Amino acid sequence: MPLFKKKHGATGVERQRQQKELFAFNKTVEHGFPHKPTALAYDHVLKLIAIGTESGVIKIYGTPGVEFLGVHDGDSPVWQLFFLPNQGRVISLLQDNSLHLWEINIVDGSYCLEEVKSYALEGRLKKISVCCLSADSKLLYLGTEGGNIYLLDVDKMELSENIIYQDVVMQNVPDDYKVNPGPVESIAMHPGNPDKLLIGYNRGLIVIWDSNDFHAEHTFVSSQELQNLCWHRDGTQFTSAHNDGSYTVWKADETSPEKEPIIPYGPFPCKPITKLLSLTTKSEPFLIFNGGMPRASYGDRHGVTIIQGKTHTVLDFTSKVIDFFVMSNMDPKQEYDDPHTLVVLAEEEIVFIDLLTEGWPSFTLPYLSALHSSAIISSHHVSNVTEELWDKLIAAGEAQSGSTATQRDWPLNGGRNLAEPPMHHDLLLTGHEDGTIRFWDASTISLKFLYKLDTSNLFLTDADANGQAGGADGEEDEWPPFRKVGTFDPFSDDPRLGIQKIAMCPLTGTLVAAGSAGQVMYMKMGTDEVERKVEHFQTKIVGEQDKFVWRGHEALPIKEDSVKLPVGFQAEFTIQCEPPAAITSLSLQSTWGLTAVGTSHGFALFDNVHRAIIGARCTLNPNDLSATGENLSRKKSFKKSLRASIRRLRRRRAPGAEKPKTSPRRGEANASPDHREASGDADMAPMERRIEARTEESKTSMVRFLYFANTFVRDSHTATPSLWVGTNMGAILIYTLNVPEESKRGELSVSAEIAKEIRLKHGAPVVSLVVVDHDTYPLPDPIEVQNERAKPPNMTGHSVIICTEEQFKVFALPSLKPTRKAKLTAHDGSKVRKVAFINFRSRSNETYSENCITCLTNLGELSIYSIPRLKKQGGYDALHEANKNGIQSLIFTSRGEGFYLLSPSEFERFSLSARNITEPMCMVDLPDDSRLPDGDNQPAAEGGEEVAAAATAEAEPAAEEQQEVVEEIAAAAEAPEEESAPPPAAPEPEPAPVVEDTPVPIQMDDDDDDGPPMPMPEQTPEELVSEVDRLLAESGISMEGETEDSMHEITLDEVKDYGKDDSAILAEP
């Protein structure tokens, strides 16, 4: 056998261009609520809001579809944000005392948020405590811990020579109060005179400062520590808020307050009022403030108080309030403020309150939703939802919101969304810890909330047993008058309610959800509210003969009485698996009317039409009962040892080889497969490979994957419905299903019997599998073929691709003869965590597409493999390997996109397809004179996209030609093998039946087998290395990964064929 094999194919450059048309990795948009927000700002002219976070991120939002993202260098949190009105600019103050100027500019033909300037103050006494923007937005007043106020020139981002010194301010203060007033606590610009500002110091000193003459006009002294100041609209009065929960109204021309301090929730000690606004209307004025709650009784509550006349409400939040602002009439020519919307930013959500509608209802958020209202456990994506089902979901969501949501239009309408309306409706379903399933519109970048399904009303929970349900009704007359707002609720009535798995058929309106206590709920879409008793079925996966004792939680008791089911998905029946372990796998087959569920103990099959258990099977074995699993084999093949030896010899010959090279740090940026392989080799010693323990190694009996397919199981002439069951020990059980014809389906029930069983020698957990036809297309769901959403499959030459954590293998059907294999763990130590089979369509050619395996590893790498040759088409570093939650939560879509949890409250959306990319496409219209200085960065108000595109088009042709030449040279040197469809083959002859009880092995060459090593040629190491170098130079040999020969090396697997005479009917144990 030759030592190396030359690669075939001479069109490497063409293949590389084809790959670029098919595959491209992009992180496109972040859905949800920013994690750990710290700052809030509002541009009242452009109608934009900005949110800063603890990780140094700035996000700007306008009308739905308008989003901008900026990230500071370093890890300092954002402390405050300030919009420069009508300029598309925002200034950020970080906790490290640095200021940064950001602008919305045109970069590479699209609008984005970029940092243009920065400035930092140094020194303890120059630590910024508060900021205030001047009326003309040219200066930013910086109040410091030392008591001085510095003036920052916004355009230049430099400090002005003028400084408001604390000593100068103190000159007109009476001698009795000439003590250190402390840090600057608040600065407020006069609403009518831009030369006057209100300055408040921590220890109660308040000064009206004339910035024109640079002197203090009036001085006021409060007996309590100051928290905040705000002017009244006419400028004749102002209000101060204090740390004892009181506020005081002052006249601007009198040194004593107009009234005695008011403590809204006194007389007992109260928490500080941290921010206060006084706003006028034609009727009663508004007073809105944060804090001030009684310390003893409500010190742990987070509230924002709204008072208008006799109407008094405390908006009760479940997380700390960060900041708030009010949208109102900012025209100085108008007499009243006329506030219309209150915006409150809390740690875990943002809430918009309608101040014009009676009762002050909330707005339904079109974005920025708190995805983690209850902790997300699972997620599921549904593509191309029918218009009928979509309308029913919208109607169900509107019925839920009812009178609690306002009917006013969304008040943030800044910017313009340039994206085309979506051509299809996509859903993202999230399963939560409290037993709810939330439906989100995933068709656009906004991820709008549509509808919430609550499954807890079907069961008796711990809260019901303790009599906690409805306990809040008795608090309506309490003082302060709290009103619960927002959706964030971190508390769950019962952890057993958690939704672990979701399956949905958008064509039939069927939804199946499975929970943490073995409960499975089968639901159908209903358009009318009903009240009925929900049927309940129980299936024992583990029988008494298995001698297994369950020591976990009990099953959730079902409600025996009738249950009120609102509009939306309504439960038809429930299934309880025993033991009540969490559901680990779920599959719904709508055409055949079947549901399969798997747990860590086995699986069960249910007939949805007859509402009956078809059967169940326990997968436990003695190893499971002793909580032990098979250890990962660390044997090395001869070829691996040879490659490692050659690498060692090369290192010895290389100059400076004594010092081992350190590998580059793994990052989140994209990386090519070659770079990944190179860095992986550098991380390991020559004779080692990185191997991580198998997931759930002790639970070898866990059912990881369930799959329905109409394919050739017993012979090559007749395709039969089948159920494929993949377990954690590397076993695949194949059951044939006897499904009656559609006309007799209501009369006859389904039966199942085991046909074959595969036990992979390497014993790695089965992550996924799929049956592909001769044209390499995965078999479509029969209901999609019936509704002309997919073309009928080619019913010849079927193969099954089995994806385990460690390798991918292809078996021919029905003989289960292995044909191809691709190893992952043996090469780089990675383990497959997620798998999807995706049809990638060309970006420029509508008729060309390729079916590929897309997978995510435990190292955070996304990889694409061709079908059926299992050749790697690309690899991308998408997640950091330490981000376990992100890796665990990742899901793929059928169009080559995906989602994973960036944080508990955010989904990161990405795309592996060069054709399907969902990303922000928006702009902001700015006046021509909005940025007189720095005109080079000024975006055009109209036609900005065309101008930028034209400029880019003029500058890029030469660079593109040069890049193409470089790519052709590099491709010619590498000459990767071209992917092509396999040649047509005759149908596989039916194998001879095997009816023995013992497994029938199929043996082929495998580098995992122990055997006599191949004799080596009698050469010195130096001669061998020289020969290798010569071969590499002449024939383009790859030293990395598998050669084409090794693609046909198959592990010694066990295949068991059950004859029709065997007693193998699936039934309850």
# chains A, B, ... in the order shown; residues from 1 in each chain; ligands from 1
>>> residues_around(residues="region 858-873 of chain A", least_positions_apart="3", cutoff="7 Å", atoms="only C-alpha atoms", output="compact mmCIF listing (two decimals) with all heavy atoms, in the first residue's frame")
# COMPACT_ATOMS: atom_id res chain seq x y z
N THR A 776 -28.26 12.32 -2.68
CA THR A 776 -27.66 12.90 -1.47
C THR A 776 -28.60 13.85 -0.75
O THR A 776 -28.15 14.67 0.06
CB THR A 776 -26.33 13.62 -1.77
OG1 THR A 776 -26.59 14.86 -2.45
CG2 THR A 776 -25.39 12.76 -2.59
N ARG A 820 -18.21 4.96 4.35
CA ARG A 820 -17.32 6.11 4.57
C ARG A 820 -17.31 6.49 6.04
O ARG A 820 -18.23 6.17 6.79
CB ARG A 820 -17.75 7.32 3.73
CG ARG A 820 -17.55 7.13 2.24
CD ARG A 820 -17.84 8.41 1.48
NE ARG A 820 -17.67 8.21 0.06
CZ ARG A 820 -16.52 8.32 -0.59
NH1 ARG A 820 -15.43 8.65 0.08
NH2 ARG A 820 -16.44 8.11 -1.89
N ALA A 822 -15.62 9.78 8.78
CA ALA A 822 -14.81 10.97 9.06
C ALA A 822 -14.64 11.06 10.56
O ALA A 822 -15.62 11.08 11.31
CB ALA A 822 -15.49 12.23 8.52
N SER A 830 -11.73 17.06 19.57
CA SER A 830 -13.03 17.72 19.68
C SER A 830 -14.14 16.69 19.74
O SER A 830 -14.02 15.57 19.26
CB SER A 830 -13.25 18.65 18.49
OG SER A 830 -13.29 17.92 17.28
N LYS A 831 -15.25 17.09 20.35
CA LYS A 831 -16.45 16.26 20.45
C LYS A 831 -17.62 17.01 19.83
O LYS A 831 -17.81 18.19 20.08
CB LYS A 831 -16.77 15.95 21.91
CG LYS A 831 -15.72 15.12 22.64
CD LYS A 831 -15.65 13.72 22.06
CE LYS A 831 -14.74 12.85 22.90
NZ LYS A 831 -15.32 12.53 24.21
N VAL A 832 -18.39 16.29 19.03
CA VAL A 832 -19.55 16.90 18.38
C VAL A 832 -20.65 17.11 19.41
O VAL A 832 -20.99 16.20 20.17
CB VAL A 832 -20.05 16.01 17.23
CG1 VAL A 832 -21.32 16.60 16.61
CG2 VAL A 832 -18.96 15.86 16.17
N ARG A 833 -21.19 18.31 19.44
CA ARG A 833 -22.28 18.63 20.37
C ARG A 833 -23.61 18.83 19.66
O ARG A 833 -24.65 18.45 20.17
CB ARG A 833 -21.92 19.89 21.16
CG ARG A 833 -20.76 19.70 22.13
CD ARG A 833 -21.18 18.81 23.28
NE ARG A 833 -20.09 18.63 24.23
CZ ARG A 833 -19.39 17.53 24.36
NH1 ARG A 833 -19.65 16.49 23.57
NH2 ARG A 833 -18.44 17.41 25.26
N ASN A 851 -26.04 19.62 -0.26
CA ASN A 851 -26.47 19.15 1.04
C ASN A 851 -25.24 18.84 1.89
O ASN A 851 -24.32 18.15 1.43
CB ASN A 851 -27.34 17.90 0.91
CG ASN A 851 -28.64 18.19 0.21
OD1 ASN A 851 -29.46 18.95 0.70
ND2 ASN A 851 -28.83 17.61 -0.97
N CYS A 852 -25.23 19.35 3.10
CA CYS A 852 -24.05 19.23 3.94
C CYS A 852 -24.45 18.91 5.38
O CYS A 852 -25.58 19.17 5.81
CB CYS A 852 -23.22 20.52 3.93
SG CYS A 852 -22.56 20.95 2.31
N ILE A 853 -23.48 18.37 6.11
CA ILE A 853 -23.61 18.19 7.55
C ILE A 853 -22.99 19.40 8.22
O ILE A 853 -21.85 19.76 7.93
CB ILE A 853 -22.89 16.92 8.02
CG1 ILE A 853 -23.44 15.69 7.31
CG2 ILE A 853 -23.02 16.76 9.53
CD1 ILE A 853 -22.66 14.42 7.60
N THR A 854 -23.72 20.04 9.08
CA THR A 854 -23.21 21.17 9.85
C THR A 854 -23.16 20.76 11.31
O THR A 854 -24.14 20.24 11.84
CB THR A 854 -24.10 22.40 9.69
OG1 THR A 854 -24.24 22.70 8.30
CG2 THR A 854 -23.50 23.59 10.39
N CYS A 855 -22.01 20.99 11.95
CA CYS A 855 -21.88 20.54 13.33
C CYS A 855 -21.15 21.58 14.17
O CYS A 855 -20.41 22.42 13.65
CB CYS A 855 -21.15 19.20 13.41
SG CYS A 855 -19.39 19.28 13.03
N TYR A 876 -15.01 27.22 11.43
CA TYR A 876 -15.03 28.59 11.92
C TYR A 876 -15.08 28.58 13.45
O TYR A 876 -15.87 27.85 14.04
CB TYR A 876 -16.25 29.35 11.37
CG TYR A 876 -16.46 29.18 9.90
CD1 TYR A 876 -17.33 28.20 9.41
CD2 TYR A 876 -15.80 29.99 8.97
CE1 TYR A 876 -17.54 28.03 8.05
CE2 TYR A 876 -16.00 29.82 7.61
CZ TYR A 876 -16.87 28.84 7.16
OH TYR A 876 -17.07 28.68 5.81
N ASP A 877 -14.25 29.39 14.06
CA ASP A 877 -14.30 29.57 15.51
C ASP A 877 -15.46 30.49 15.84
O ASP A 877 -15.36 31.71 15.69
CB ASP A 877 -13.00 30.17 16.04
CG ASP A 877 -11.89 29.13 16.12
OD1 ASP A 877 -12.23 27.95 16.25
OD2 ASP A 877 -10.71 29.50 16.05
N ALA A 878 -16.55 29.93 16.30
CA ALA A 878 -17.76 30.71 16.54
C ALA A 878 -17.92 31.09 18.01
O ALA A 878 -18.28 32.21 18.33
CB ALA A 878 -18.99 29.93 16.07
N LEU A 879 -17.66 30.14 18.91
CA LEU A 879 -17.82 30.37 20.33
C LEU A 879 -16.52 30.04 21.04
O LEU A 879 -15.73 29.21 20.56
CB LEU A 879 -18.93 29.51 20.93
CG LEU A 879 -20.38 29.78 20.54
CD1 LEU A 879 -20.72 29.09 19.24
CD2 LEU A 879 -21.32 29.27 21.63
N HIS A 880 -16.32 30.67 22.18
CA HIS A 880 -15.20 30.27 23.02
C HIS A 880 -15.54 28.96 23.69
O HIS A 880 -16.67 28.73 24.11
CB HIS A 880 -14.91 31.35 24.06
CG HIS A 880 -13.57 31.21 24.71
ND1 HIS A 880 -13.32 30.29 25.72
CD2 HIS A 880 -12.38 31.83 24.48
CE1 HIS A 880 -12.06 30.37 26.08
NE2 HIS A 880 -11.47 31.30 25.35
N GLU A 881 -14.56 28.06 23.79
CA GLU A 881 -14.84 26.73 24.34
C GLU A 881 -15.28 26.79 25.80
O GLU A 881 -15.89 25.84 26.30
CB GLU A 881 -13.63 25.83 24.18
CG GLU A 881 -12.35 26.35 24.81
CD GLU A 881 -11.17 25.46 24.48
OE1 GLU A 881 -11.24 24.26 24.81
OE2 GLU A 881 -10.20 25.95 23.89
N ILE A 887 -22.71 26.79 23.87
CA ILE A 887 -22.58 25.57 23.08
C ILE A 887 -23.78 24.66 23.29
O ILE A 887 -24.32 24.09 22.35
CB ILE A 887 -21.26 24.86 23.45
CG1 ILE A 887 -20.06 25.71 23.01
CG2 ILE A 887 -21.19 23.47 22.84
CD1 ILE A 887 -18.72 25.18 23.45
>>> select_by_dssp(residues="region 425-474 of chain A", states="helix (DSSP H, G or I)", output="PyMOL selection string")
chain A and resi 456-458+462-465+471-474
>>> atom_distance(atom1="CA of Phe892 (chain A)", atom2="CA of Gly62 (chain A)")
28.6 Å
>>> closest_residue(among="A:Ala731, A:Val116, A:Ala752, A:Leu450", to="Thr804 (chain A)", atoms="only C-alpha atoms")
A:Ala731
>>> residues_around(residues="Gly518 (chain A)", least_positions_apart="3", cutoff="7 Å", atoms="only C-alpha atoms", output="ChimeraX atom specification")
/A:514-515,576-577,580-583
>>> closest_residue(among="A:Ala836, A:Met923, A:Leu81, A:Ile754", to="Thr736 (chain A)", atoms="only C-alpha atoms")
A:Ile754
>>> residues_around(residues="region 896-909 of chain A", least_positions_apart="2", cutoff="8 Å", atoms="only C-alpha atoms", output="CSV table (one decimal) with all heavy atoms, in the first residue's frame")
chain,number,residue,atom,x,y,z
A,27,LYS,N,-21.6,36.5,12.2
A,27,LYS,CA,-22.4,36.8,13.4
A,27,LYS,C,-23.2,38.1,13.0
A,27,LYS,O,-22.6,39.1,12.7
A,27,LYS,CB,-21.6,37.1,14.6
A,27,LYS,CG,-20.9,35.8,15.1
A,27,LYS,CD,-20.1,36.1,16.4
A,27,LYS,CE,-19.4,34.8,16.9
A,27,LYS,NZ,-18.7,35.0,18.1
A,28,THR,N,-24.5,37.9,12.9
A,28,THR,CA,-25.3,39.0,12.3
A,28,THR,C,-26.0,39.9,13.2
A,28,THR,O,-26.0,41.1,13.0
A,28,THR,CB,-26.4,38.3,11.4
A,28,THR,OG1,-27.2,37.4,12.2
A,28,THR,CG2,-25.8,37.5,10.2
A,29,VAL,N,-26.7,39.4,14.3
A,29,VAL,CA,-27.4,40.3,15.1
A,29,VAL,C,-27.6,39.7,16.5
A,29,VAL,O,-27.6,38.4,16.6
A,29,VAL,CB,-28.8,40.7,14.5
A,29,VAL,CG1,-29.7,39.5,14.5
A,29,VAL,CG2,-29.5,41.8,15.3
A,30,GLU,N,-27.7,40.5,17.5
A,30,GLU,CA,-28.0,40.0,18.9
A,30,GLU,C,-29.4,40.3,19.3
A,30,GLU,O,-29.8,41.5,19.3
A,30,GLU,CB,-27.0,40.7,19.9
A,30,GLU,CG,-25.5,40.4,19.6
A,30,GLU,CD,-24.6,41.1,20.5
A,30,GLU,OE1,-25.1,41.9,21.4
A,30,GLU,OE2,-23.4,41.0,20.4
A,31,HIS,N,-30.2,39.2,19.5
A,31,HIS,CA,-31.6,39.4,19.9
A,31,HIS,C,-31.7,39.4,21.4
A,31,HIS,O,-30.9,38.8,22.1
A,31,HIS,CB,-32.4,38.2,19.4
A,31,HIS,CG,-32.4,38.0,17.9
A,31,HIS,ND1,-32.9,39.0,17.0
A,31,HIS,CD2,-32.0,37.0,17.0
A,31,HIS,CE1,-32.8,38.6,15.8
A,31,HIS,NE2,-32.3,37.4,15.8
A,32,GLY,N,-32.8,40.1,21.8
A,32,GLY,CA,-33.1,40.1,23.2
A,32,GLY,C,-32.7,41.4,24.0
A,32,GLY,O,-32.5,42.4,23.4
A,33,PHE,N,-32.6,41.2,25.3
A,33,PHE,CA,-32.3,42.3,26.2
A,33,PHE,C,-30.8,42.3,26.5
A,33,PHE,O,-30.3,41.3,26.9
A,33,PHE,CB,-33.2,42.2,27.4
A,33,PHE,CG,-33.0,43.3,28.4
A,33,PHE,CD1,-33.5,44.6,28.1
A,33,PHE,CD2,-32.3,43.1,29.6
A,33,PHE,CE1,-33.3,45.6,29.0
A,33,PHE,CE2,-32.1,44.2,30.5
A,33,PHE,CZ,-32.6,45.4,30.2
A,34,PRO,N,-30.1,43.5,26.4
A,34,PRO,CA,-28.7,43.5,26.7
A,34,PRO,C,-28.4,43.0,28.2
A,34,PRO,O,-29.1,43.4,29.1
A,34,PRO,CB,-28.4,45.0,26.6
A,34,PRO,CG,-29.4,45.6,25.7
A,34,PRO,CD,-30.7,44.8,26.0
A,35,HIS,N,-27.4,42.3,28.3
A,35,HIS,CA,-27.0,41.6,29.5
A,35,HIS,C,-26.3,42.7,30.4
A,35,HIS,O,-25.4,43.4,30.1
A,35,HIS,CB,-26.1,40.5,29.3
A,35,HIS,CG,-25.7,39.7,30.5
A,35,HIS,ND1,-26.6,39.2,31.4
A,35,HIS,CD2,-24.5,39.3,31.0
A,35,HIS,CE1,-26.0,38.6,32.4
A,35,HIS,NE2,-24.7,38.6,32.2
A,348,GLU,N,-33.0,43.7,34.3
A,348,GLU,CA,-33.4,42.5,33.5
A,348,GLU,C,-34.4,42.8,32.5
A,348,GLU,O,-34.8,41.9,31.7
A,348,GLU,CB,-33.9,41.4,34.5
A,348,GLU,CG,-33.0,41.0,35.6
A,348,GLU,CD,-31.7,40.3,35.1
A,348,GLU,OE1,-31.7,40.0,33.9
A,348,GLU,OE2,-30.8,40.1,35.9
A,370,ALA,N,-37.5,40.7,27.2
A,370,ALA,CA,-36.7,39.9,28.2
A,370,ALA,C,-36.9,38.4,27.8
A,370,ALA,O,-37.9,37.8,28.3
A,370,ALA,CB,-37.2,40.2,29.6
A,371,LEU,N,-36.0,37.9,27.0
A,371,LEU,CA,-36.1,36.5,26.6
A,371,LEU,C,-36.1,35.5,27.8
A,371,LEU,O,-36.7,34.5,27.8
A,371,LEU,CB,-35.0,36.1,25.7
A,371,LEU,CG,-34.8,36.9,24.4
A,371,LEU,CD1,-33.6,36.4,23.6
A,371,LEU,CD2,-36.1,36.9,23.5
A,372,HIS,N,-35.4,36.0,28.9
A,372,HIS,CA,-35.2,35.2,30.1
A,372,HIS,C,-36.2,35.5,31.1
A,372,HIS,O,-35.9,35.4,32.3
A,372,HIS,CB,-33.8,35.4,30.6
A,372,HIS,CG,-33.5,36.8,31.0
A,372,HIS,ND1,-34.0,37.9,30.3
A,372,HIS,CD2,-32.9,37.3,32.1
A,372,HIS,CE1,-33.6,39.0,31.0
A,372,HIS,NE2,-32.9,38.6,32.1
A,375,ALA,N,-36.0,31.4,33.1
A,375,ALA,CA,-34.8,30.9,32.5
A,375,ALA,C,-35.1,30.0,31.3
A,375,ALA,O,-36.0,29.1,31.4
A,375,ALA,CB,-34.0,30.1,33.6
A,376,ILE,N,-34.3,30.2,30.2
A,376,ILE,CA,-34.5,29.4,29.0
A,376,ILE,C,-33.8,28.0,29.2
A,376,ILE,O,-32.6,28.0,29.5
A,376,ILE,CB,-33.9,30.1,27.8
A,376,ILE,CG1,-34.7,31.4,27.6
A,376,ILE,CG2,-34.0,29.3,26.6
A,376,ILE,CD1,-34.1,32.3,26.4
A,838,ILE,N,-28.2,20.4,6.3
A,838,ILE,CA,-28.7,21.7,5.7
A,838,ILE,C,-28.4,21.7,4.2
A,838,ILE,O,-27.4,21.2,3.7
A,838,ILE,CB,-28.0,22.9,6.4
A,838,ILE,CG1,-28.4,22.9,7.9
A,838,ILE,CG2,-28.5,24.2,5.7
A,838,ILE,CD1,-27.6,24.0,8.6
A,839,ASN,N,-29.4,22.2,3.4
A,839,ASN,CA,-29.2,22.4,2.0
A,839,ASN,C,-28.7,23.8,1.8
A,839,ASN,O,-29.5,24.8,2.0
A,839,ASN,CB,-30.5,22.1,1.3
A,839,ASN,CG,-30.4,22.4,-0.2
A,839,ASN,OD1,-30.8,23.4,-0.8
A,839,ASN,ND2,-29.8,21.4,-0.9
A,840,PHE,N,-27.5,24.0,1.4
A,840,PHE,CA,-26.9,25.3,1.1
A,840,PHE,C,-27.1,25.7,-0.3
A,840,PHE,O,-26.6,24.9,-1.2
A,840,PHE,CB,-25.4,25.3,1.5
A,840,PHE,CG,-25.1,25.3,2.9
A,840,PHE,CD1,-24.9,24.0,3.6
A,840,PHE,CD2,-25.0,26.4,3.7
A,840,PHE,CE1,-24.6,24.0,4.9
A,840,PHE,CE2,-24.7,26.4,5.1
A,840,PHE,CZ,-24.6,25.2,5.7
A,885,ASN,N,-22.7,27.2,28.2
A,885,ASN,CA,-24.1,27.5,28.0
A,885,ASN,C,-24.4,27.8,26.5
A,885,ASN,O,-25.4,27.4,26.0
A,885,ASN,CB,-24.6,28.6,28.9
A,885,ASN,CG,-24.6,28.3,30.3
A,885,ASN,OD1,-24.7,27.1,30.7
A,885,ASN,ND2,-24.5,29.3,31.2
A,886,GLY,N,-23.5,28.6,25.9
A,886,GLY,CA,-23.8,28.9,24.5
A,886,GLY,C,-23.7,27.7,23.6
A,886,GLY,O,-24.5,27.5,22.7
A,887,ILE,N,-22.7,26.8,23.9
A,887,ILE,CA,-22.6,25.6,23.1
A,887,ILE,C,-23.8,24.7,23.3
A,887,ILE,O,-24.3,24.1,22.3
A,887,ILE,CB,-21.3,24.9,23.5
A,887,ILE,CG1,-20.1,25.7,23.0
A,887,ILE,CG2,-21.2,23.5,22.8
A,887,ILE,CD1,-18.7,25.2,23.5
A,889,SER,N,-26.8,25.5,24.1
A,889,SER,CA,-28.1,26.1,23.7
A,889,SER,C,-28.1,26.3,22.1
A,889,SER,O,-29.2,26.6,21.6
A,889,SER,CB,-28.3,27.4,24.3
A,889,SER,OG,-27.3,28.4,23.9
A,890,LEU,N,-27.1,26.0,21.4
A,890,LEU,CA,-27.1,26.4,20.0
A,890,LEU,C,-28.0,25.5,19.2
A,890,LEU,O,-28.1,24.3,19.4
A,890,LEU,CB,-25.6,26.2,19.4
A,890,LEU,CG,-25.4,26.6,18.0
A,890,LEU,CD1,-24.1,27.3,17.8
A,890,LEU,CD2,-25.5,25.5,17.0
A,891,ILE,N,-28.7,26.1,18.3
A,891,ILE,CA,-29.6,25.4,17.4
A,891,ILE,C,-29.4,25.9,15.9
A,891,ILE,O,-29.0,27.0,15.7
A,891,ILE,CB,-31.1,25.6,17.7
A,891,ILE,CG1,-31.5,27.0,17.7
A,891,ILE,CG2,-31.5,24.9,19.0
A,891,ILE,CD1,-33.0,27.3,17.8
A,892,PHE,N,-29.6,25.0,15.0
A,892,PHE,CA,-29.4,25.4,13.5
A,892,PHE,C,-30.8,25.6,12.9
A,892,PHE,O,-31.8,25.0,13.4
A,892,PHE,CB,-28.7,24.3,12.8
A,892,PHE,CG,-27.2,24.2,13.2
A,892,PHE,CD1,-26.8,23.1,14.0
A,892,PHE,CD2,-26.3,25.1,12.7
A,892,PHE,CE1,-25.5,23.0,14.4
A,892,PHE,CE2,-24.9,25.0,13.1
A,892,PHE,CZ,-24.6,23.9,13.9
A,893,THR,N,-30.9,26.3,11.9
A,893,THR,CA,-32.1,26.4,11.1
A,893,THR,C,-32.0,25.7,9.8
A,893,THR,O,-30.9,25.4,9.4
A,893,THR,CB,-32.5,27.9,10.9
A,893,THR,OG1,-31.7,28.5,9.8
A,893,THR,CG2,-32.4,28.7,12.1
A,894,SER,N,-33.1,25.5,9.1
A,894,SER,CA,-33.0,24.8,7.8
A,894,SER,C,-32.4,25.6,6.7
A,894,SER,O,-32.1,25.1,5.6
A,894,SER,CB,-34.4,24.4,7.4
A,894,SER,OG,-35.2,25.5,7.2
A,911,SER,N,-24.9,33.1,10.7
A,911,SER,CA,-25.2,32.4,9.5
A,911,SER,C,-24.0,31.7,8.9
A,911,SER,O,-22.9,32.3,9.0
A,911,SER,CB,-25.7,33.5,8.4
A,911,SER,OG,-26.0,32.9,7.2
A,912,LEU,N,-24.2,30.5,8.4
A,912,LEU,CA,-23.1,29.8,7.7
A,912,LEU,C,-23.4,29.8,6.2
A,912,LEU,O,-22.6,29.3,5.4
A,912,LEU,CB,-23.1,28.4,8.2
A,912,LEU,CG,-22.5,28.2,9.6
A,912,LEU,CD1,-22.8,26.7,10.1
A,912,LEU,CD2,-21.0,28.4,9.6
A,913,SER,N,-24.5,30.4,5.8
A,913,SER,CA,-24.9,30.4,4.4
A,913,SER,C,-24.5,31.8,3.8
A,913,SER,O,-24.7,32.8,4.4
A,913,SER,CB,-26.4,30.2,4.2
A,913,SER,OG,-26.8,30.5,2.9
A,916,ASN,N,-28.3,33.3,2.8
A,916,ASN,CA,-29.3,33.6,3.8
A,916,ASN,C,-28.7,34.3,5.0
A,916,ASN,O,-28.0,33.6,5.8
A,916,ASN,CB,-30.1,32.4,4.2
A,916,ASN,CG,-30.8,31.7,3.1
A,916,ASN,OD1,-31.5,32.4,2.3
A,916,ASN,ND2,-30.7,30.4,3.0
A,917,ILE,N,-28.7,35.6,5.0
A,917,ILE,CA,-28.2,36.4,6.1
A,917,ILE,C,-29.2,37.4,6.6
A,917,ILE,O,-29.7,38.2,5.8
A,917,ILE,CB,-26.9,37.2,5.7
A,917,ILE,CG1,-25.8,36.2,5.1
A,917,ILE,CG2,-26.3,38.0,6.8
A,917,ILE,CD1,-24.6,36.9,4.6
